[in-house]
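Asks: What follows is the file model.cif, containing mmCIF, C-alpha atoms:
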```cif
data_model
#
loop_
_atom_site.group_PDB
_atom_site.id
_atom_site.type_symbol
_atom_site.label_atom_id
_atom_site.label_comp_id
_atom_site.auth_asym_id
_atom_site.auth_seq_id
_atom_site.Cartn_x
_atom_site.Cartn_y
_atom_site.Cartn_z
ATOM 1 C CA MET A 1 -24.857 -77.805 56.328
ATOM 2 C CA MET A 2 -25.541 -77.930 52.585
ATOM 3 C CA LYS A 3 -25.442 -74.129 52.404
ATOM 4 C CA ARG A 4 -22.054 -74.114 54.100
ATOM 5 C CA VAL A 5 -20.671 -76.661 51.636
ATOM 6 C CA ILE A 6 -21.948 -74.643 48.690
ATOM 7 C CA SER A 7 -20.422 -71.493 50.121
ATOM 8 C CA LEU A 8 -17.067 -73.225 50.393
ATOM 9 C CA LEU A 9 -17.259 -74.747 46.919
ATOM 10 C CA VAL A 10 -18.085 -71.528 45.052
ATOM 11 C CA PRO A 11 -14.645 -69.946 45.605
ATOM 12 C CA SER A 12 -12.959 -73.199 44.636
ATOM 13 C CA ILE A 13 -14.946 -73.442 41.421
ATOM 14 C CA ALA A 14 -14.194 -69.803 40.693
ATOM 15 C CA LEU A 15 -10.479 -70.401 41.127
ATOM 16 C CA ALA A 16 -10.631 -73.419 38.867
ATOM 17 C CA VAL A 17 -12.488 -71.570 36.114
ATOM 18 C CA PHE A 18 -10.700 -68.176 36.513
ATOM 19 C CA PRO A 19 -7.208 -68.981 37.886
ATOM 20 C CA ALA A 20 -5.983 -65.407 37.224
ATOM 21 C CA ALA A 21 -8.454 -64.100 39.782
ATOM 22 C CA ALA A 22 -6.499 -65.720 42.576
ATOM 23 C CA SER A 23 -3.557 -63.324 42.295
ATOM 24 C CA ALA A 24 -5.063 -60.172 40.707
ATOM 25 C CA ALA A 25 -6.612 -57.229 42.534
ATOM 26 C CA PRO A 26 -10.113 -56.116 41.435
ATOM 27 C CA LEU A 27 -8.790 -52.979 39.635
ATOM 28 C CA ASP A 28 -6.193 -55.037 37.801
ATOM 29 C CA LEU A 29 -8.915 -57.406 36.646
ATOM 30 C CA VAL A 30 -10.973 -54.561 35.243
ATOM 31 C CA THR A 31 -7.931 -53.123 33.512
ATOM 32 C CA SER A 32 -6.985 -56.450 31.967
ATOM 33 C CA VAL A 33 -10.500 -56.963 30.649
ATOM 34 C CA VAL A 34 -10.669 -53.477 29.148
ATOM 35 C CA GLN A 35 -7.272 -53.886 27.534
ATOM 36 C CA SER A 36 -8.297 -57.197 26.051
ATOM 37 C CA VAL A 37 -11.169 -55.652 24.119
ATOM 38 C CA GLN A 38 -9.816 -52.111 23.439
ATOM 39 C CA PRO A 39 -7.062 -51.486 20.861
ATOM 40 C CA LYS A 40 -4.041 -49.592 22.071
ATOM 41 C CA VAL A 41 -3.765 -45.891 21.275
ATOM 42 C CA SER A 42 -0.832 -46.537 18.986
ATOM 43 C CA GLU A 43 -2.883 -49.107 17.092
ATOM 44 C CA LEU A 44 -5.703 -46.599 16.670
ATOM 45 C CA LYS A 45 -3.283 -44.002 15.317
ATOM 46 C CA LEU A 46 -1.919 -46.503 12.851
ATOM 47 C CA LYS A 47 -5.393 -47.527 11.809
ATOM 48 C CA TYR A 48 -6.864 -43.990 11.690
ATOM 49 C CA PRO A 49 -3.958 -41.555 11.148
ATOM 50 C CA VAL A 50 -4.497 -37.760 10.978
ATOM 51 C CA LYS A 51 -3.476 -37.221 7.397
ATOM 52 C CA LEU A 52 -2.120 -33.982 5.989
ATOM 53 C CA PRO A 53 -2.420 -33.300 2.275
ATOM 54 C CA ASN A 54 0.651 -34.119 0.255
ATOM 55 C CA THR A 55 3.055 -31.342 -0.639
ATOM 56 C CA GLU A 56 1.712 -30.881 -4.147
ATOM 57 C CA ALA A 57 -1.908 -30.548 -3.020
ATOM 58 C CA PHE A 58 -0.992 -28.272 -0.121
ATOM 59 C CA CYS A 59 1.149 -25.951 -2.220
ATOM 60 C CA SER A 60 -1.504 -25.799 -4.910
ATOM 61 C CA ALA A 61 -4.157 -24.792 -2.355
ATOM 62 C CA PHE A 62 -1.822 -22.233 -0.774
ATOM 63 C CA ALA A 63 -2.070 -20.038 -3.858
ATOM 64 C CA GLU A 64 -5.621 -19.133 -2.816
ATOM 65 C CA THR A 65 -4.540 -18.658 0.804
ATOM 66 C CA LYS A 66 -1.776 -16.324 -0.341
ATOM 67 C CA SER A 67 -4.323 -14.210 -2.179
ATOM 68 C CA GLN A 68 -6.474 -13.980 0.960
ATOM 69 C CA ILE A 69 -3.480 -12.964 3.081
ATOM 70 C CA GLU A 70 -2.525 -10.209 0.653
ATOM 71 C CA SER A 71 -6.125 -8.987 0.519
ATOM 72 C CA ARG A 72 -6.402 -8.765 4.307
ATOM 73 C CA LEU A 73 -3.071 -7.001 4.580
ATOM 74 C CA ALA A 74 -4.167 -4.481 1.965
ATOM 75 C CA GLU A 75 -7.392 -3.781 3.890
ATOM 76 C CA LYS A 76 -5.519 -3.259 7.162
ATOM 77 C CA GLU A 77 -2.924 -1.043 5.517
ATOM 78 C CA SER A 78 -5.637 1.032 3.875
ATOM 79 C CA ALA A 79 -7.347 1.602 7.231
ATOM 80 C CA VAL A 80 -4.069 2.545 8.945
ATOM 81 C CA ALA A 81 -3.091 4.863 6.087
ATOM 82 C CA ALA A 82 -6.486 6.592 6.212
ATOM 83 C CA TYR A 83 -6.121 7.128 9.968
ATOM 84 C CA LEU A 84 -2.597 8.514 9.666
ATOM 85 C CA ASP A 85 -3.539 10.792 6.768
ATOM 86 C CA ALA A 86 -6.551 12.192 8.629
ATOM 87 C CA LEU A 87 -4.675 12.707 11.906
ATOM 88 C CA PRO A 88 -3.053 16.102 11.098
ATOM 89 C CA GLU A 89 -6.287 17.491 9.680
ATOM 90 C CA ASP A 90 -8.330 16.292 12.659
ATOM 91 C CA LEU A 91 -5.751 17.790 14.992
ATOM 92 C CA GLU A 92 -5.840 21.125 13.179
ATOM 93 C CA ASN A 93 -9.645 21.212 13.126
ATOM 94 C CA GLY A 94 -9.754 20.659 16.872
ATOM 95 C CA ARG A 95 -7.245 23.427 17.447
ATOM 96 C CA ASN A 96 -9.138 25.869 15.254
ATOM 97 C CA GLU A 97 -12.335 25.144 17.153
ATOM 98 C CA ARG A 98 -10.654 25.714 20.524
ATOM 99 C CA ASP A 99 -8.960 28.891 19.274
ATOM 100 C CA ALA A 100 -12.309 30.265 18.121
ATOM 101 C CA LYS A 101 -13.880 29.592 21.518
ATOM 102 C CA LEU A 102 -10.924 31.171 23.309
ATOM 103 C CA GLU A 103 -11.066 34.258 21.112
ATOM 104 C CA GLU A 104 -14.804 34.576 21.689
ATOM 105 C CA ALA A 105 -14.350 34.315 25.462
ATOM 106 C CA ARG A 106 -11.605 36.931 25.399
ATOM 107 C CA SER A 107 -13.729 39.326 23.342
ATOM 108 C CA GLU A 108 -16.581 39.005 25.819
ATOM 109 C CA ALA A 109 -14.169 39.599 28.711
ATOM 110 C CA ASP A 110 -12.773 42.700 26.968
ATOM 111 C CA GLN A 111 -16.281 44.078 26.579
ATOM 112 C CA LEU A 112 -17.151 43.441 30.223
ATOM 113 C CA ARG A 113 -13.957 45.108 31.424
ATOM 114 C CA GLY A 114 -14.653 48.114 29.197
ATOM 115 C CA GLU A 115 -18.113 48.473 30.717
ATOM 116 C CA TRP A 116 -16.621 48.180 34.200
ATOM 117 C CA TYR A 117 -14.063 50.893 33.466
ATOM 118 C CA THR A 118 -16.873 53.180 32.268
ATOM 119 C CA ARG A 119 -18.850 52.684 35.476
ATOM 120 C CA LEU A 120 -15.743 53.371 37.564
ATOM 121 C CA ALA A 121 -15.030 56.563 35.631
ATOM 122 C CA LEU A 122 -18.590 57.766 36.259
ATOM 123 C CA ARG A 123 -18.217 57.063 39.964
ATOM 124 C CA ALA A 124 -14.855 58.830 40.233
ATOM 125 C CA ASP A 125 -15.150 62.144 42.041
ATOM 126 C CA GLY A 126 -12.144 64.388 41.893
ATOM 127 C CA ASP A 127 -8.694 64.135 40.399
ATOM 128 C CA ASN A 128 -7.405 61.564 42.885
ATOM 129 C CA GLU A 129 -10.171 59.067 42.140
ATOM 130 C CA GLU A 130 -9.930 59.687 38.406
ATOM 131 C CA ASP A 131 -6.172 59.070 38.534
ATOM 132 C CA ALA A 132 -6.791 55.941 40.605
ATOM 133 C CA VAL A 133 -9.244 54.628 37.994
ATOM 134 C CA GLU A 134 -6.778 55.278 35.175
ATOM 135 C CA ASP A 135 -3.993 53.563 37.102
ATOM 136 C CA TYR A 136 -6.303 50.668 37.930
ATOM 137 C CA GLN A 137 -7.276 50.236 34.287
ATOM 138 C CA GLU A 138 -3.643 50.189 33.182
ATOM 139 C CA ARG A 139 -2.689 47.631 35.807
ATOM 140 C CA VAL A 140 -5.630 45.371 34.981
ATOM 141 C CA GLU A 141 -4.911 45.493 31.258
ATOM 142 C CA GLU A 142 -1.248 44.751 31.899
ATOM 143 C CA ALA A 143 -2.157 41.762 34.095
ATOM 144 C CA VAL A 144 -4.595 40.462 31.469
ATOM 145 C CA ASP A 145 -2.046 40.903 28.675
ATOM 146 C CA ASP A 146 0.621 39.073 30.687
ATOM 147 C CA ARG A 147 -1.805 36.258 31.458
ATOM 148 C CA ARG A 148 -2.831 35.871 27.836
ATOM 149 C CA ALA A 149 0.777 35.966 26.631
ATOM 150 C CA ALA A 150 1.760 33.262 29.130
ATOM 151 C CA ILE A 151 -1.195 31.067 28.166
ATOM 152 C CA ASP A 152 -0.582 31.564 24.445
ATOM 153 C CA ALA A 153 3.084 30.618 24.920
ATOM 154 C CA ALA A 154 2.092 27.478 26.842
ATOM 155 C CA ILE A 155 -0.357 26.499 24.105
ATOM 156 C CA LEU A 156 2.145 27.184 21.325
ATOM 157 C CA ASP A 157 4.895 25.162 23.005
ATOM 158 C CA PHE A 158 2.463 22.325 23.678
ATOM 159 C CA ARG A 159 1.314 22.229 20.066
ATOM 160 C CA THR A 160 4.860 22.353 18.725
ATOM 161 C CA GLU A 161 5.885 19.445 20.945
ATOM 162 C CA THR A 162 2.692 17.567 20.119
ATOM 163 C CA ASP A 163 3.276 17.974 16.386
ATOM 164 C CA ALA A 164 6.747 16.490 16.804
ATOM 165 C CA LEU A 165 5.329 13.533 18.741
ATOM 166 C CA VAL A 166 2.588 12.999 16.161
ATOM 167 C CA THR A 167 5.163 12.971 13.368
ATOM 168 C CA LYS A 168 7.288 10.521 15.329
ATOM 169 C CA ARG A 169 4.315 8.281 16.117
ATOM 170 C CA LYS A 170 3.166 8.354 12.511
ATOM 171 C CA ALA A 171 6.623 7.289 11.351
ATOM 172 C CA ALA A 172 6.722 4.528 13.988
ATOM 173 C CA MET A 173 3.332 3.167 12.905
ATOM 174 C CA GLN A 174 4.310 3.257 9.245
ATOM 175 C CA SER A 175 7.564 1.489 10.058
ATOM 176 C CA ALA A 176 5.707 -1.182 12.049
ATOM 177 C CA ARG A 177 3.271 -1.674 9.189
ATOM 178 C CA ASP A 178 6.047 -1.986 6.598
ATOM 179 C CA ALA A 179 8.060 -4.356 8.793
ATOM 180 C CA PHE A 180 5.045 -6.613 9.321
ATOM 181 C CA ARG A 181 4.273 -6.718 5.617
ATOM 182 C CA SER A 182 7.908 -7.581 4.861
ATOM 183 C CA SER A 183 7.871 -10.341 7.481
ATOM 184 C CA VAL A 184 4.691 -11.853 6.058
ATOM 185 C CA ALA A 185 6.071 -11.613 2.522
ATOM 186 C CA ALA A 186 9.247 -13.370 3.671
ATOM 187 C CA ALA A 187 7.173 -16.115 5.314
ATOM 188 C CA VAL A 188 5.203 -16.629 2.105
ATOM 189 C CA ALA A 189 8.380 -16.667 0.019
ATOM 190 C CA ARG A 190 9.959 -19.232 2.345
ATOM 191 C CA LEU A 191 6.918 -21.462 2.066
ATOM 192 C CA GLU A 192 6.905 -21.208 -1.719
ATOM 193 C CA THR A 193 10.602 -22.064 -1.807
ATOM 194 C CA GLY A 194 9.876 -25.056 0.405
ATOM 195 C CA CYS A 195 7.155 -26.124 -1.996
ATOM 196 C CA ALA A 196 9.614 -25.930 -4.885
ATOM 197 C CA ASP A 197 12.138 -27.970 -2.885
ATOM 198 C CA GLY A 198 9.530 -30.631 -2.117
ATOM 199 C CA LEU A 199 9.544 -30.271 1.675
ATOM 200 C CA SER A 200 6.904 -32.186 3.598
ATOM 201 C CA THR A 201 3.601 -30.520 4.353
ATOM 202 C CA ALA A 202 4.256 -30.787 8.090
ATOM 203 C CA THR A 203 7.576 -28.950 7.716
ATOM 204 C CA LEU A 204 6.031 -26.287 5.498
ATOM 205 C CA LEU A 205 3.229 -25.655 7.974
ATOM 206 C CA SER A 206 5.556 -25.587 10.959
ATOM 207 C CA ASN A 207 7.886 -23.081 9.313
ATOM 208 C CA PHE A 208 5.047 -20.869 8.114
ATOM 209 C CA LYS A 209 3.302 -20.778 11.495
ATOM 210 C CA GLY A 210 6.583 -19.981 13.222
ATOM 211 C CA ASP A 211 7.361 -17.159 10.798
ATOM 212 C CA LEU A 212 3.902 -15.615 11.226
ATOM 213 C CA ALA A 213 4.124 -15.901 15.013
ATOM 214 C CA ALA A 214 7.453 -14.064 14.961
ATOM 215 C CA ALA A 215 5.978 -11.380 12.692
ATOM 216 C CA ARG A 216 3.019 -10.845 15.031
ATOM 217 C CA THR A 217 5.302 -10.651 18.063
ATOM 218 C CA LYS A 218 7.441 -7.989 16.400
ATOM 219 C CA LEU A 219 4.347 -6.054 15.362
ATOM 220 C CA ALA A 220 3.047 -6.125 18.939
ATOM 221 C CA ASN A 221 6.393 -4.839 20.241
ATOM 222 C CA ASP A 222 6.500 -2.097 17.606
ATOM 223 C CA LYS A 223 2.955 -1.016 18.483
ATOM 224 C CA LYS A 224 3.860 -0.949 22.165
ATOM 225 C CA ALA A 225 6.809 1.313 21.399
ATOM 226 C CA ALA A 226 4.552 3.629 19.388
ATOM 227 C CA GLU A 227 2.026 3.728 22.230
ATOM 228 C CA GLY A 228 4.833 4.875 24.511
ATOM 229 C CA LEU A 229 4.750 8.171 22.629
ATOM 230 C CA GLN A 230 1.215 8.706 23.920
ATOM 231 C CA GLU A 231 2.606 8.739 27.447
ATOM 232 C CA GLU A 232 4.968 11.494 26.368
ATOM 233 C CA ALA A 233 1.989 13.425 25.006
ATOM 234 C CA LYS A 234 0.191 13.078 28.351
ATOM 235 C CA LYS A 235 3.216 14.547 30.118
ATOM 236 C CA ARG A 236 3.116 17.514 27.748
ATOM 237 C CA VAL A 237 -0.552 18.035 28.629
ATOM 238 C CA GLU A 238 0.294 18.197 32.321
ATOM 239 C CA VAL A 239 3.075 20.710 31.663
ATOM 240 C CA ARG A 240 0.684 22.908 29.686
ATOM 241 C CA LYS A 241 -1.950 22.728 32.427
ATOM 242 C CA SER A 242 0.632 23.686 35.038
ATOM 243 C CA ARG A 243 1.808 26.691 33.041
ATOM 244 C CA VAL A 244 -1.756 27.868 32.443
ATOM 245 C CA ALA A 245 -2.587 27.471 36.134
ATOM 246 C CA THR A 246 0.482 29.514 37.079
ATOM 247 C CA ALA A 247 -0.501 32.277 34.644
ATOM 248 C CA LEU A 248 -4.028 32.404 36.061
ATOM 249 C CA LYS A 249 -2.794 32.510 39.649
ATOM 250 C CA THR A 250 -0.328 35.313 38.902
ATOM 251 C CA CYS A 251 -3.045 37.324 37.187
ATOM 252 C CA GLN A 252 -5.446 36.832 40.088
ATOM 253 C CA THR A 253 -2.788 38.048 42.511
ATOM 254 C CA ASP A 254 -2.137 41.172 40.421
ATOM 255 C CA LEU A 255 -5.860 41.903 40.079
ATOM 256 C CA ALA A 256 -6.446 41.469 43.801
ATOM 257 C CA LEU A 257 -3.703 44.002 44.543
ATOM 258 C CA ALA A 258 -5.086 46.461 41.974
ATOM 259 C CA ASN A 259 -8.602 46.117 43.406
ATOM 260 C CA ALA A 260 -7.340 46.702 46.937
ATOM 261 C CA GLU A 261 -5.495 49.869 45.958
ATOM 262 C CA LEU A 262 -8.471 51.190 43.991
ATOM 263 C CA LYS A 263 -10.763 50.554 46.939
ATOM 264 C CA GLN A 264 -8.371 52.362 49.250
ATOM 265 C CA ALA A 265 -8.208 55.370 46.906
ATOM 266 C CA PHE A 266 -12.006 55.671 46.844
ATOM 267 C CA GLU A 267 -12.278 55.273 50.618
ATOM 268 C CA GLU A 268 -9.695 57.965 51.295
ATOM 269 C CA ASP A 269 -11.625 60.452 49.221
#
```
Can you turn what I pasted into structure tokens?
Replies:
Amino acid sequence: MMKRVISLLVPSIALAVFPAAASAAPLDLVTSVVQSVQPKVSELKLKYPVKLPNTEAFCSAFAETKSQIESRLAEKESAVAAYLDALPEDLENGRNERDAKLEEARSEADQLRGEWYTRLALRADGDNEEDAVEDYQERVEEAVDDRRAAIDAAILDFRTETDALVTKRKAAMQSARDAFRSSVAAAVARLETGCADGLSTATLLSNFKGDLAAARTKLANDKKAAEGLQEEAKKRVEVRKSRVATALKTCQTDLALANAELKQAFEED
């Protein structure tokens, strides 16, 4: 009986001591307690604000930042200029190396054909076979000359078109570089003007960040346009390959016909 009375009295005492508990849900109680001991966010911001340096201090420190920006730009421009200057020479060196290998391969092929003609002449028996060998040699040399002329023309056209694309790409990269430098210089000048006009540090920073973001976006677009020229170069490569393949196939067809006729001439005799 006593336990039951105590159990009934405890809620009553609780309501008397904590009247708010009668109408508040448990979560609301927790929230109210936390709010009673924790300052509001706005109060914290007022008490501990994130301070920016004043305009004078910021603009004074920016002089060093400006020097760093100019130094980094100069380094990047130097690297780009070195790449662009070396590009024609690297291209020419690669071509000279490939030309030397092609000439060496052709010289070896000429020697092998000469040896083959000699063996055929030794095997020829009678005027008909000798005439057939002479005709065969003329037809083979004509087919080889036509093949080489077609390949040389394909290579020359490819290199001429490639040189034009390289010149265009070089100009595009230089233009992108100059435009970016001008944009950065304009951003710096705008900030310095703002410093002279006494604009707030927040405004100066906002303007400067926005100007640099716009400059980087334009640079990215300019680079993308320049990279589009590489796709044009790839198309030129495919055209050259196709022309070379056609020249090789035509030559093989001519040689097969010449071989068949030579074989027939030797069999008939």
Asks: Here's the selection I'm unsure about, the PyMOL selection byres ((chain A and resi 238-248) around 12); applied to the file above, which residues does it give, as an MDAnalysis selection string?
Replies: chainID A and resid 143:162 231:237 249:255
Asks: In Å, how far is it from atom CA of A:Phe180 to atom CA of A:Gly194?
Replies: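 We find that atom CA of A:Phe180 and atom CA of A:Gly194 lie 21.0 Å from each other.
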Asks: Skipping near chain neighbours, those fewer than 4 positions away, what residues fall within 12 Å of A:Glu261 using all atoms listed in the file, listed as JSON, numbers by chain?
Replies: {"A": [129, 131, 132, 133, 135, 136, 137, 139, 140, 254, 255, 256, 257, 265, 266, 267, 268]}
Asks: Would you mind reading off the distance between atom CA of A:Leu87 and atom CA of A:Lys218, one decimal, in Å?
Replies: 24.4 Å
Asks: As a check of understanding, name the residues that the PyMOL selection byres ((chain A and resi 211) around 10) selects in the supplied structure, as a list in words.
Replies: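 When the PyMOL selection byres ((chain A and resi 211) around 10) is applied, the selected residues are Ser183, Val184, Ala186, Ala187, Val188, Arg190, Leu191, Leu205, Ser206, Asn207, Phe208, Lys209, Gly210, Leu212, Ala213, Ala214, Ala215, Arg216 and Thr217 of chain A.
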Asks: As an exercise, work out the distance from atom CA of A:Asn96 to atom CA of A:Val166 in Å and give it to one decimal place.
Replies: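 Between atom CA of A:Asn96 and atom CA of A:Val166 the gap is 17.4 Å.
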Asks: Smallest atom-to-atom distance to A:Ala176: which of A:Glu75, A:Asp163, A:Glu192, A:Glu227, using only C-alpha atoms?
Replies: A:Glu227
Asks: Padding 8 Å on each side, edges along x, y and z: where is the centre of the box around the listed atoms of stretch 114-124 of chain A, and how long are its edges in Å to one decimal? Output it as JSON.
Replies:
```
{"center_x": -16.5, "center_y": 53.5, "center_z": 34.7, "size_x": 20.8, "size_y": 26.7, "size_z": 27.0}
```
Asks: Just give me the residues with any atom within 12 Å of (5.5, 10.6, 14.1), file coordinates, counting all atoms listed in the file, written as number ranges by chain.
Replies: A: 84-85, 87-88, 161-176, 225-230, 233
Asks: Looking at all atoms listed in the file, which of A:Ala57, A:Glu97, A:Arg177, A:Ala189 is the one that sits closest to A:Ala81?
Replies: A:Arg177
Asks: Given all atoms listed in the file as the basis, pick out the residue of A:Ala82, A:Leu73, A:Ala124, A:Leu204 nearest to A:Ala185.
Replies: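 Of A:Ala82, A:Leu73, A:Ala124, A:Leu204, the one nearest A:Ala185, counting all atoms listed in the file, is A:Leu73.
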